[in-house]
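*Asks:* File work16.cif below, mmCIF, N, CA and C atoms:
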data_run
loop_
_atom_site.label_atom_id
_atom_site.label_comp_id
_atom_site.auth_asym_id
_atom_site.auth_seq_id
_atom_site.Cartn_x
_atom_site.Cartn_y
_atom_site.Cartn_z
N MET S 1438 100.12 6.46 -122.99
CA MET S 1438 99.45 6.44 -121.70
C MET S 1438 99.47 7.86 -121.13
N SER S 1439 98.33 8.29 -120.59
CA SER S 1439 98.26 9.62 -119.99
C SER S 1439 99.07 9.66 -118.70
N ALA S 1440 99.41 10.84 -118.27
CA ALA S 1440 100.18 11.02 -117.04
C ALA S 1440 99.42 10.49 -115.84
N VAL S 1441 98.11 10.73 -115.79
CA VAL S 1441 97.35 10.26 -114.64
C VAL S 1441 97.21 8.74 -114.66
N ALA S 1442 97.10 8.14 -115.83
CA ALA S 1442 97.05 6.68 -115.92
C ALA S 1442 98.37 6.08 -115.44
N HIS S 1443 99.47 6.72 -115.78
CA HIS S 1443 100.78 6.26 -115.34
C HIS S 1443 100.91 6.37 -113.81
N LEU S 1444 100.46 7.50 -113.27
CA LEU S 1444 100.49 7.70 -111.82
C LEU S 1444 99.64 6.63 -111.12
N LEU S 1445 98.45 6.37 -111.64
CA LEU S 1445 97.57 5.37 -111.06
C LEU S 1445 98.23 4.00 -111.09
N GLU S 1446 98.85 3.65 -112.18
CA GLU S 1446 99.53 2.36 -112.30
C GLU S 1446 100.65 2.24 -111.26
N GLN S 1447 101.41 3.30 -111.08
CA GLN S 1447 102.50 3.30 -110.09
C GLN S 1447 101.95 3.12 -108.67
N ARG S 1448 100.91 3.84 -108.35
CA ARG S 1448 100.35 3.78 -107.00
C ARG S 1448 99.72 2.42 -106.73
N ARG S 1449 99.01 1.89 -107.70
CA ARG S 1449 98.37 0.58 -107.51
C ARG S 1449 99.39 -0.54 -107.34
N ALA S 1450 100.56 -0.38 -107.89
CA ALA S 1450 101.60 -1.40 -107.74
C ALA S 1450 101.99 -1.59 -106.28
N ARG S 1451 101.74 -0.59 -105.45
CA ARG S 1451 102.08 -0.65 -104.03
C ARG S 1451 100.95 -1.20 -103.17
N LEU S 1452 99.77 -1.36 -103.74
CA LEU S 1452 98.60 -1.74 -102.96
C LEU S 1452 98.26 -3.22 -103.13
N ASP S 1453 97.74 -3.81 -102.08
CA ASP S 1453 97.13 -5.13 -102.15
C ASP S 1453 95.63 -4.88 -102.25
N ARG S 1454 95.18 -4.55 -103.44
CA ARG S 1454 93.78 -4.17 -103.64
C ARG S 1454 92.88 -5.37 -103.37
N LEU S 1455 91.73 -5.10 -102.78
CA LEU S 1455 90.81 -6.16 -102.40
C LEU S 1455 89.60 -6.18 -103.33
N ASP S 1456 89.25 -7.37 -103.81
CA ASP S 1456 88.00 -7.47 -104.56
C ASP S 1456 86.86 -7.37 -103.53
N PRO S 1457 85.63 -7.21 -103.98
CA PRO S 1457 84.53 -6.99 -103.02
C PRO S 1457 84.42 -8.07 -101.93
N HIS S 1458 84.58 -9.33 -102.29
CA HIS S 1458 84.44 -10.38 -101.28
C HIS S 1458 85.59 -10.36 -100.27
N ARG S 1459 86.80 -10.09 -100.73
CA ARG S 1459 87.93 -9.96 -99.79
C ARG S 1459 87.75 -8.72 -98.91
N ALA S 1460 87.20 -7.66 -99.47
CA ALA S 1460 86.95 -6.45 -98.67
C ALA S 1460 85.91 -6.73 -97.59
N ARG S 1461 84.90 -7.50 -97.92
CA ARG S 1461 83.87 -7.87 -96.94
C ARG S 1461 84.50 -8.71 -95.83
N GLU S 1462 85.34 -9.68 -96.22
CA GLU S 1462 86.03 -10.50 -95.22
C GLU S 1462 86.90 -9.63 -94.32
N ALA S 1463 87.59 -8.67 -94.93
CA ALA S 1463 88.44 -7.77 -94.14
C ALA S 1463 87.59 -6.96 -93.17
N GLN S 1464 86.45 -6.46 -93.64
CA GLN S 1464 85.55 -5.69 -92.78
C GLN S 1464 85.09 -6.56 -91.60
N LEU S 1465 84.68 -7.78 -91.88
CA LEU S 1465 84.22 -8.67 -90.82
C LEU S 1465 85.35 -9.02 -89.85
N GLY S 1466 86.59 -8.94 -90.34
CA GLY S 1466 87.76 -9.20 -89.51
C GLY S 1466 88.28 -7.97 -88.78
N GLY S 1467 87.59 -6.85 -88.92
CA GLY S 1467 87.98 -5.65 -88.17
C GLY S 1467 88.55 -4.51 -88.99
N ALA S 1468 88.67 -4.68 -90.29
CA ALA S 1468 89.18 -3.58 -91.12
C ALA S 1468 88.18 -2.44 -91.14
N LEU S 1469 88.69 -1.25 -91.28
CA LEU S 1469 87.86 -0.06 -91.37
C LEU S 1469 87.58 0.24 -92.84
N LEU S 1470 86.32 0.15 -93.26
CA LEU S 1470 85.94 0.55 -94.61
C LEU S 1470 85.62 2.03 -94.58
N VAL S 1471 86.20 2.77 -95.53
CA VAL S 1471 86.05 4.22 -95.57
C VAL S 1471 85.48 4.63 -96.92
N ASP S 1472 84.33 5.25 -96.88
CA ASP S 1472 83.62 5.73 -98.06
C ASP S 1472 84.04 7.16 -98.34
N THR S 1473 84.71 7.37 -99.46
CA THR S 1473 85.17 8.71 -99.83
C THR S 1473 84.33 9.33 -100.94
N ARG S 1474 83.21 8.68 -101.29
CA ARG S 1474 82.38 9.18 -102.39
C ARG S 1474 81.71 10.50 -102.02
N PRO S 1475 81.44 11.31 -103.03
CA PRO S 1475 80.69 12.54 -102.78
C PRO S 1475 79.28 12.22 -102.25
N ALA S 1476 78.73 13.13 -101.48
CA ALA S 1476 77.40 12.94 -100.89
C ALA S 1476 76.35 12.62 -101.94
N VAL S 1477 76.44 13.24 -103.10
CA VAL S 1477 75.44 13.00 -104.15
C VAL S 1477 75.43 11.53 -104.56
N ASN S 1478 76.58 10.88 -104.60
CA ASN S 1478 76.64 9.46 -104.94
C ASN S 1478 76.10 8.59 -103.81
N ARG S 1479 76.45 8.93 -102.58
CA ARG S 1479 75.95 8.16 -101.43
C ARG S 1479 74.43 8.25 -101.36
N GLU S 1480 73.89 9.43 -101.60
CA GLU S 1480 72.44 9.62 -101.55
C GLU S 1480 71.73 8.89 -102.68
N ALA S 1481 72.35 8.84 -103.85
CA ALA S 1481 71.71 8.21 -105.01
C ALA S 1481 71.87 6.69 -105.04
N GLU S 1482 73.01 6.18 -104.52
CA GLU S 1482 73.32 4.77 -104.70
C GLU S 1482 73.28 3.93 -103.43
N GLY S 1483 73.30 4.57 -102.27
CA GLY S 1483 73.27 3.82 -101.03
C GLY S 1483 74.61 3.81 -100.32
N HIS S 1484 74.69 2.98 -99.29
CA HIS S 1484 75.84 2.92 -98.39
C HIS S 1484 76.22 1.48 -98.12
N ILE S 1485 77.46 1.27 -97.74
CA ILE S 1485 77.89 -0.02 -97.22
C ILE S 1485 77.72 0.05 -95.70
N PRO S 1486 76.89 -0.82 -95.12
CA PRO S 1486 76.70 -0.80 -93.67
C PRO S 1486 78.04 -0.95 -92.94
N GLY S 1487 78.22 -0.11 -91.95
CA GLY S 1487 79.43 -0.14 -91.14
C GLY S 1487 80.58 0.69 -91.67
N ALA S 1488 80.47 1.16 -92.90
CA ALA S 1488 81.54 1.99 -93.46
C ALA S 1488 81.48 3.38 -92.85
N VAL S 1489 82.65 3.97 -92.69
CA VAL S 1489 82.77 5.33 -92.16
C VAL S 1489 82.89 6.27 -93.36
N VAL S 1490 82.15 7.36 -93.34
CA VAL S 1490 82.24 8.36 -94.40
C VAL S 1490 83.28 9.40 -94.02
N VAL S 1491 84.27 9.58 -94.91
CA VAL S 1491 85.27 10.62 -94.73
C VAL S 1491 85.44 11.29 -96.09
N ASP S 1492 85.11 12.56 -96.15
CA ASP S 1492 85.27 13.29 -97.40
C ASP S 1492 86.71 13.25 -97.85
N ARG S 1493 86.91 13.10 -99.14
CA ARG S 1493 88.26 12.98 -99.69
C ARG S 1493 89.15 14.17 -99.33
N ASN S 1494 88.58 15.35 -99.28
CA ASN S 1494 89.41 16.54 -99.04
C ASN S 1494 89.95 16.63 -97.62
N VAL S 1495 89.47 15.80 -96.69
CA VAL S 1495 89.99 15.79 -95.32
C VAL S 1495 90.52 14.42 -94.91
N LEU S 1496 90.60 13.51 -95.83
CA LEU S 1496 90.95 12.11 -95.53
C LEU S 1496 92.25 11.98 -94.74
N GLU S 1497 93.31 12.61 -95.22
CA GLU S 1497 94.61 12.47 -94.56
C GLU S 1497 94.56 12.99 -93.13
N TRP S 1498 93.89 14.09 -92.89
CA TRP S 1498 93.80 14.66 -91.55
C TRP S 1498 92.98 13.78 -90.62
N ARG S 1499 91.94 13.15 -91.13
CA ARG S 1499 91.06 12.33 -90.28
C ARG S 1499 91.65 10.96 -89.97
N LEU S 1500 92.51 10.44 -90.85
CA LEU S 1500 93.03 9.08 -90.63
C LEU S 1500 94.48 9.03 -90.17
N ASP S 1501 95.17 10.14 -90.14
CA ASP S 1501 96.55 10.17 -89.63
C ASP S 1501 96.50 10.10 -88.11
N PRO S 1502 97.02 9.01 -87.52
CA PRO S 1502 96.97 8.88 -86.06
C PRO S 1502 97.71 9.99 -85.31
N THR S 1503 98.59 10.73 -85.98
CA THR S 1503 99.32 11.80 -85.31
C THR S 1503 98.66 13.16 -85.49
N SER S 1504 97.57 13.21 -86.24
CA SER S 1504 96.91 14.49 -86.51
C SER S 1504 95.99 14.90 -85.36
N PRO S 1505 96.02 16.17 -84.98
CA PRO S 1505 95.08 16.64 -83.96
C PRO S 1505 93.64 16.62 -84.46
N ASP S 1506 93.45 16.48 -85.75
CA ASP S 1506 92.10 16.46 -86.34
C ASP S 1506 91.65 15.05 -86.71
N ARG S 1507 92.34 14.04 -86.21
CA ARG S 1507 92.00 12.66 -86.55
C ARG S 1507 90.63 12.27 -85.98
N GLY S 1508 90.03 11.29 -86.66
CA GLY S 1508 88.78 10.74 -86.16
C GLY S 1508 89.06 9.70 -85.10
N PRO S 1509 88.06 9.29 -84.34
CA PRO S 1509 88.26 8.33 -83.26
C PRO S 1509 88.74 6.96 -83.75
N GLU S 1510 88.44 6.63 -85.01
CA GLU S 1510 88.86 5.33 -85.54
C GLU S 1510 90.34 5.31 -85.93
N ALA S 1511 90.98 6.47 -86.02
CA ALA S 1511 92.38 6.57 -86.45
C ALA S 1511 93.31 6.46 -85.24
N HIS S 1512 93.40 5.27 -84.69
CA HIS S 1512 94.12 5.09 -83.44
C HIS S 1512 95.54 4.54 -83.61
N ALA S 1513 95.88 4.02 -84.80
CA ALA S 1513 97.21 3.43 -84.97
C ALA S 1513 97.62 3.39 -86.43
N HIS S 1514 98.92 3.40 -86.67
CA HIS S 1514 99.43 3.34 -88.04
C HIS S 1514 99.20 1.97 -88.69
N ASP S 1515 99.01 0.92 -87.88
CA ASP S 1515 98.81 -0.41 -88.46
C ASP S 1515 97.33 -0.75 -88.66
N LEU S 1516 96.47 0.25 -88.56
CA LEU S 1516 95.04 0.07 -88.81
C LEU S 1516 94.84 -0.41 -90.24
N HIS S 1517 94.04 -1.46 -90.41
CA HIS S 1517 93.73 -1.95 -91.75
C HIS S 1517 92.58 -1.09 -92.31
N VAL S 1518 92.93 -0.25 -93.27
CA VAL S 1518 91.98 0.69 -93.87
C VAL S 1518 91.72 0.28 -95.30
N VAL S 1519 90.44 0.16 -95.67
CA VAL S 1519 90.04 -0.15 -97.04
C VAL S 1519 89.18 1.00 -97.53
N LEU S 1520 89.76 1.80 -98.42
CA LEU S 1520 89.03 2.94 -98.97
C LEU S 1520 88.20 2.50 -100.17
N PHE S 1521 87.11 3.22 -100.40
CA PHE S 1521 86.38 3.00 -101.64
C PHE S 1521 85.74 4.29 -102.11
N CYS S 1522 85.69 4.40 -103.43
CA CYS S 1522 85.03 5.50 -104.11
C CYS S 1522 83.97 4.86 -105.01
N ASN S 1523 83.58 5.52 -106.07
CA ASN S 1523 82.57 4.95 -106.96
C ASN S 1523 83.05 3.69 -107.67
N GLU S 1524 84.23 3.79 -108.32
CA GLU S 1524 84.69 2.69 -109.17
C GLU S 1524 86.13 2.25 -108.89
N GLY S 1525 86.79 2.84 -107.91
CA GLY S 1525 88.10 2.37 -107.52
C GLY S 1525 89.29 3.07 -108.15
N TYR S 1526 89.10 4.27 -108.62
CA TYR S 1526 90.22 5.03 -109.17
C TYR S 1526 90.77 6.01 -108.13
N ALA S 1527 89.94 6.94 -107.70
CA ALA S 1527 90.38 7.92 -106.71
C ALA S 1527 90.81 7.24 -105.41
N SER S 1528 90.15 6.13 -105.07
CA SER S 1528 90.50 5.44 -103.82
C SER S 1528 91.90 4.83 -103.89
N SER S 1529 92.35 4.41 -105.07
CA SER S 1529 93.71 3.88 -105.20
C SER S 1529 94.73 4.97 -104.90
N LEU S 1530 94.52 6.14 -105.48
CA LEU S 1530 95.44 7.25 -105.23
C LEU S 1530 95.43 7.65 -103.76
N ALA S 1531 94.25 7.67 -103.16
CA ALA S 1531 94.13 8.06 -101.75
C ALA S 1531 94.78 7.02 -100.84
N ALA S 1532 94.62 5.74 -101.13
CA ALA S 1532 95.23 4.70 -100.30
C ALA S 1532 96.75 4.79 -100.35
N ALA S 1533 97.29 5.04 -101.53
CA ALA S 1533 98.74 5.21 -101.64
C ALA S 1533 99.20 6.42 -100.83
N GLN S 1534 98.40 7.47 -100.82
CA GLN S 1534 98.74 8.66 -100.03
C GLN S 1534 98.74 8.33 -98.54
N LEU S 1535 97.77 7.54 -98.09
CA LEU S 1535 97.75 7.14 -96.68
C LEU S 1535 98.96 6.30 -96.33
N GLN S 1536 99.39 5.43 -97.25
CA GLN S 1536 100.61 4.66 -97.00
C GLN S 1536 101.80 5.58 -96.80
N GLU S 1537 101.86 6.66 -97.58
CA GLU S 1537 102.95 7.62 -97.43
C GLU S 1537 102.92 8.32 -96.07
N LEU S 1538 101.75 8.38 -95.45
CA LEU S 1538 101.63 8.95 -94.11
C LEU S 1538 101.96 7.92 -93.02
N GLY S 1539 102.24 6.69 -93.43
CA GLY S 1539 102.62 5.66 -92.46
C GLY S 1539 101.54 4.64 -92.17
N LEU S 1540 100.38 4.77 -92.80
CA LEU S 1540 99.32 3.77 -92.62
C LEU S 1540 99.63 2.60 -93.55
N THR S 1541 100.47 1.70 -93.07
CA THR S 1541 101.06 0.66 -93.91
C THR S 1541 100.05 -0.34 -94.46
N ARG S 1542 98.90 -0.47 -93.83
CA ARG S 1542 97.89 -1.44 -94.28
C ARG S 1542 96.75 -0.79 -95.05
N ALA S 1543 96.94 0.43 -95.49
CA ALA S 1543 95.91 1.10 -96.29
C ALA S 1543 95.86 0.49 -97.68
N THR S 1544 94.65 0.30 -98.17
CA THR S 1544 94.43 -0.21 -99.52
C THR S 1544 93.08 0.27 -100.00
N ASP S 1545 92.62 -0.29 -101.12
CA ASP S 1545 91.30 0.11 -101.60
C ASP S 1545 90.53 -1.06 -102.17
N LEU S 1546 89.26 -0.80 -102.40
CA LEU S 1546 88.32 -1.77 -102.93
C LEU S 1546 88.36 -1.71 -104.46
N ASP S 1547 88.84 -2.77 -105.07
CA ASP S 1547 88.94 -2.85 -106.53
C ASP S 1547 87.53 -2.80 -107.13
N GLY S 1548 87.28 -1.78 -107.94
CA GLY S 1548 85.96 -1.60 -108.54
C GLY S 1548 85.04 -0.71 -107.73
N GLY S 1549 85.44 -0.35 -106.53
CA GLY S 1549 84.70 0.59 -105.72
C GLY S 1549 83.33 0.10 -105.26
N PHE S 1550 82.53 1.06 -104.82
CA PHE S 1550 81.19 0.77 -104.32
C PHE S 1550 80.36 0.01 -105.35
N ARG S 1551 80.48 0.39 -106.58
CA ARG S 1551 79.66 -0.23 -107.62
C ARG S 1551 79.98 -1.71 -107.79
N ALA S 1552 81.24 -2.10 -107.64
CA ALA S 1552 81.61 -3.51 -107.71
C ALA S 1552 81.06 -4.26 -106.49
N TRP S 1553 81.13 -3.62 -105.32
CA TRP S 1553 80.58 -4.21 -104.09
C TRP S 1553 79.10 -4.49 -104.28
N LYS S 1554 78.37 -3.51 -104.75
CA LYS S 1554 76.93 -3.65 -104.95
C LYS S 1554 76.62 -4.71 -106.01
N ALA S 1555 77.37 -4.71 -107.10
CA ALA S 1555 77.16 -5.69 -108.16
C ALA S 1555 77.44 -7.12 -107.68
N ALA S 1556 78.32 -7.26 -106.68
CA ALA S 1556 78.63 -8.57 -106.12
C ALA S 1556 77.54 -9.07 -105.18
N GLY S 1557 76.53 -8.25 -104.93
CA GLY S 1557 75.42 -8.65 -104.07
C GLY S 1557 75.73 -8.56 -102.59
N LEU S 1558 76.75 -7.81 -102.23
CA LEU S 1558 77.10 -7.65 -100.82
C LEU S 1558 76.18 -6.61 -100.17
N PRO S 1559 76.14 -6.58 -98.84
CA PRO S 1559 75.19 -5.71 -98.14
C PRO S 1559 75.32 -4.24 -98.52
N VAL S 1560 74.19 -3.65 -98.83
CA VAL S 1560 74.10 -2.22 -99.16
C VAL S 1560 72.81 -1.69 -98.55
N THR S 1561 72.93 -0.54 -97.93
CA THR S 1561 71.74 0.17 -97.48
C THR S 1561 71.26 0.99 -98.66
N GLU S 1562 70.10 0.65 -99.15
CA GLU S 1562 69.58 1.34 -100.34
C GLU S 1562 69.22 2.79 -100.00
N PRO S 1563 69.33 3.67 -100.99
CA PRO S 1563 68.96 5.07 -100.74
C PRO S 1563 67.46 5.19 -100.50
N ALA S 1564 67.12 6.22 -99.75
CA ALA S 1564 65.69 6.49 -99.52
C ALA S 1564 65.06 6.97 -100.82
N PRO S 1565 63.83 6.55 -101.08
CA PRO S 1565 63.17 7.02 -102.31
C PRO S 1565 62.95 8.53 -102.27
N ALA S 1566 63.06 9.13 -103.43
CA ALA S 1566 62.84 10.58 -103.51
C ALA S 1566 61.38 10.89 -103.23
N PRO S 1567 61.12 12.00 -102.53
CA PRO S 1567 59.72 12.33 -102.20
C PRO S 1567 58.91 12.68 -103.45
#
In structure tokens, how does this file's structure come out?
*Replies:*
Amino acid sequence: MSAVAHLLEQRRARLDRLDPHRAREAQLGGALLVDTRPAVNREAEGHIPGAVVVDRNVLEWRLDPTSPDRGPEAHAHDLHVVLFCNEGYASSLAAAQLQELGLTRATDLDGGFRAWKAAGLPVTEPAPAP
């Protein structure tokens, strides 16, 4: 097993990862869905309505309730945060990192945006190229 696969396995053991339907239920129940995908993927594949876009390189600063650079949605450590990336790898590592910052309910979407879309859940389709 590669070192990164081992790290991923360790981090995921701490998460209550949500399948797409559970993530949708969580969103409808007030959870914050956070899209960490690169802009090129969002533009090509679409968006989850209601999800907040936070670039991965600033995620910890925007979601840490004690950070002076936090976003308006980062109001408490018990905020239910569901991160997603393309397929659910980078989001697992990021969710574990948020837990280390004290966001105890941080987790991720198992399978990422692509699993959500494949499950037929709401997606704002990308605009057609000119």
*Asks:* Per DSSP on the backbone, what are the alpha helix (DSSP H) residues of range 1441-1496 of chain S, as a compact mmCIF listing (two decimals) with N, CA and C atoms, in the frame of the given file?
*Replies:*
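File produced: out30.txt:
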# COMPACT_ATOMS: atom_id res chain seq x y z
N VAL S 1441 98.11 10.73 -115.79
CA VAL S 1441 97.35 10.26 -114.64
C VAL S 1441 97.21 8.74 -114.66
N ALA S 1442 97.10 8.14 -115.83
CA ALA S 1442 97.05 6.68 -115.92
C ALA S 1442 98.37 6.08 -115.44
N HIS S 1443 99.47 6.72 -115.78
CA HIS S 1443 100.78 6.26 -115.34
C HIS S 1443 100.91 6.37 -113.81
N LEU S 1444 100.46 7.50 -113.27
CA LEU S 1444 100.49 7.70 -111.82
C LEU S 1444 99.64 6.63 -111.12
N LEU S 1445 98.45 6.37 -111.64
CA LEU S 1445 97.57 5.37 -111.06
C LEU S 1445 98.23 4.00 -111.09
N GLU S 1446 98.85 3.65 -112.18
CA GLU S 1446 99.53 2.36 -112.30
C GLU S 1446 100.65 2.24 -111.26
N GLN S 1447 101.41 3.30 -111.08
CA GLN S 1447 102.50 3.30 -110.09
C GLN S 1447 101.95 3.12 -108.67
N ARG S 1448 100.91 3.84 -108.35
CA ARG S 1448 100.35 3.78 -107.00
C ARG S 1448 99.72 2.42 -106.73
N ARG S 1449 99.01 1.89 -107.70
CA ARG S 1449 98.37 0.58 -107.51
C ARG S 1449 99.39 -0.54 -107.34
N PRO S 1457 85.63 -7.21 -103.98
CA PRO S 1457 84.53 -6.99 -103.02
C PRO S 1457 84.42 -8.07 -101.93
N HIS S 1458 84.58 -9.33 -102.29
CA HIS S 1458 84.44 -10.38 -101.28
C HIS S 1458 85.59 -10.36 -100.27
N ARG S 1459 86.80 -10.09 -100.73
CA ARG S 1459 87.93 -9.96 -99.79
C ARG S 1459 87.75 -8.72 -98.91
N ALA S 1460 87.20 -7.66 -99.47
CA ALA S 1460 86.95 -6.45 -98.67
C ALA S 1460 85.91 -6.73 -97.59
N ARG S 1461 84.90 -7.50 -97.92
CA ARG S 1461 83.87 -7.87 -96.94
C ARG S 1461 84.50 -8.71 -95.83
N GLU S 1462 85.34 -9.68 -96.22
CA GLU S 1462 86.03 -10.50 -95.22
C GLU S 1462 86.90 -9.63 -94.32
N ALA S 1463 87.59 -8.67 -94.93
CA ALA S 1463 88.44 -7.77 -94.14
C ALA S 1463 87.59 -6.96 -93.17
N GLN S 1464 86.45 -6.46 -93.64
CA GLN S 1464 85.55 -5.69 -92.78
C GLN S 1464 85.09 -6.56 -91.60
N LEU S 1465 84.68 -7.78 -91.88
CA LEU S 1465 84.22 -8.67 -90.82
C LEU S 1465 85.35 -9.02 -89.85
N ALA S 1476 78.73 13.13 -101.48
CA ALA S 1476 77.40 12.94 -100.89
C ALA S 1476 76.35 12.62 -101.94
N VAL S 1477 76.44 13.24 -103.10
CA VAL S 1477 75.44 13.00 -104.15
C VAL S 1477 75.43 11.53 -104.56
N ASN S 1478 76.58 10.88 -104.60
CA ASN S 1478 76.64 9.46 -104.94
C ASN S 1478 76.10 8.59 -103.81
N ARG S 1479 76.45 8.93 -102.58
CA ARG S 1479 75.95 8.16 -101.43
C ARG S 1479 74.43 8.25 -101.36
N GLU S 1480 73.89 9.43 -101.60
CA GLU S 1480 72.44 9.62 -101.55
C GLU S 1480 71.73 8.89 -102.68
N ALA S 1481 72.35 8.84 -103.85
CA ALA S 1481 71.71 8.21 -105.01
C ALA S 1481 71.87 6.69 -105.04
N GLU S 1482 73.01 6.18 -104.52
CA GLU S 1482 73.32 4.77 -104.70
C GLU S 1482 73.28 3.93 -103.43
N LEU S 1496 90.60 13.51 -95.83
CA LEU S 1496 90.95 12.11 -95.53
C LEU S 1496 92.25 11.98 -94.74
*Asks:* Would you mind telling me which residue in S:Val1441, S:Val1491, S:Val1477, S:Leu1455 lies nearest to Asp1547 in chain S when using all atoms listed in the file?
*Replies:*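 Closest to Asp1547 in chain S, using all atoms listed in the file: S:Leu1455.
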*Asks:* Using only N, CA and C atoms, pick whichever of S:His1517, S:Arg1451, S:Glu1524, S:Glu1510 has the shortest atom-to-atom distance to Ala1463 in chain S.
*Replies:*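 Once distances to Ala1463 in chain S are computed over only N, CA and C atoms, the minimum belongs to S:His1517.
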*Asks:* Determine the nearest neighbour of Arg1448 in chain S from the options S:Leu1469, S:Val1518, S:Gln1534, S:Ala1460, counting all atoms listed in the file.
*Replies:* S:Gln1534
*Asks:* Can you give me, as a list in words, the residues this file yields under the PyMOL selection byres ((chain S and resi 1501) around 8)?
*Replies:* Val1495, Leu1496, Glu1497, Trp1498, Arg1499, Leu1500, Pro1502, Thr1503, Ser1504, Pro1505, Asp1506, Arg1507, Gly1508, Ala1511, His1512, Ala1513, His1514, Leu1535, Leu1538, Gly1539 and Leu1540 of chain S
*Asks:* Between CA of Asp1492 in chain S and CA of Glu1480 in chain S, what distance in Å does the model show, to one decimal?
*Replies:*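 The value is 14.0 Å.
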*Asks:* In Å, with one decimal, what is the gap from atom C of Leu1452 in chain S to atom C of Pro1509 in chain S?
*Replies:*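 Separating atom C of Leu1452 in chain S from atom C of Pro1509 in chain S is a distance of 23.9 Å.
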*Asks:* Please, which residues are within 9 Å of (69.9, 3.1, -101.3) by the file's coordinates, counting only C-alpha atoms, and could they come as number ranges by chain?
*Replies:* S: 1479-1484, 1560-1565
*Asks:* Distance CA of Val1489 in chain S-CA of Leu1470 in chain S, one decimal place?
*Replies:* 6.2 Å
*Asks:* When the PyMOL selection byres ((chain S and resi 1520) around 6) is applied to the file above, which residues end up in the set, as a compact mmCIF listing (two decimals) with N, CA and C atoms, in the coordinates of the input?
*Replies:*
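Below is the file that was written, selection-v3.txt:
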# COMPACT_ATOMS: atom_id res chain seq x y z
N LEU S 1470 86.32 0.15 -93.26
CA LEU S 1470 85.94 0.55 -94.61
C LEU S 1470 85.62 2.03 -94.58
N VAL S 1471 86.20 2.77 -95.53
CA VAL S 1471 86.05 4.22 -95.57
C VAL S 1471 85.48 4.63 -96.92
N ASP S 1472 84.33 5.25 -96.88
CA ASP S 1472 83.62 5.73 -98.06
C ASP S 1472 84.04 7.16 -98.34
N VAL S 1518 92.93 -0.25 -93.27
CA VAL S 1518 91.98 0.69 -93.87
C VAL S 1518 91.72 0.28 -95.30
N VAL S 1519 90.44 0.16 -95.67
CA VAL S 1519 90.04 -0.15 -97.04
C VAL S 1519 89.18 1.00 -97.53
N PHE S 1521 87.11 3.22 -100.40
CA PHE S 1521 86.38 3.00 -101.64
C PHE S 1521 85.74 4.29 -102.11
N CYS S 1522 85.69 4.40 -103.43
CA CYS S 1522 85.03 5.50 -104.11
C CYS S 1522 83.97 4.86 -105.01
N SER S 1528 90.15 6.13 -105.07
CA SER S 1528 90.50 5.44 -103.82
C SER S 1528 91.90 4.83 -103.89
N THR S 1544 94.65 0.30 -98.17
CA THR S 1544 94.43 -0.21 -99.52
C THR S 1544 93.08 0.27 -100.00
N ASP S 1545 92.62 -0.29 -101.12
CA ASP S 1545 91.30 0.11 -101.60
C ASP S 1545 90.53 -1.06 -102.17
N LEU S 1546 89.26 -0.80 -102.40
CA LEU S 1546 88.32 -1.77 -102.93
C LEU S 1546 88.36 -1.71 -104.46
*Asks:* Considering only C-alpha atoms, can you say which of S:Glu1537, S:Ser1529, S:Gly1487, S:Gln1464 comes closest to Glu1446 in chain S?
*Replies:* S:Ser1529
*Asks:* Where does DSSP see strand (DSSP E) in chain S, if you list the residues as a list of chain:residue names?
*Replies:* S:Leu1469, S:Leu1470, S:Val1471, S:Asp1472, S:Val1489, S:Val1490, S:Val1518, S:Val1519, S:Leu1520, S:Phe1521, S:Thr1544, S:Asp1545
*Asks:* Go through S:Leu1465, S:Ala1543, S:Phe1550, S:Ala1556 and flag the residue nearest Asp1453 in chain S, using only C-alpha atoms for the distances.
*Replies:*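 Under the stated criterion, the closest residue is S:Ala1543.
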*Asks:* Report, as JSON, the centre and edge lengths in Å (one decimal) of the axis-aligned box enclosing every listed atom of range 1496-1500 of chain S, padded by 5 Å on each side.
*Replies:*
{"center_x": 92.6, "center_y": 11.8, "center_z": -92.9, "size_x": 14.0, "size_y": 15.6, "size_z": 15.9}
*Asks:* Under the rule that only C-alpha atoms are counted, which of S:Gly1467, S:Gly1525, S:Gly1557, S:Pro1486 is the nearest residue to Arg1449 in chain S?
*Replies:*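 Ranking S:Gly1467, S:Gly1525, S:Gly1557, S:Pro1486 by distance to Arg1449 in chain S, first place goes to S:Gly1525.
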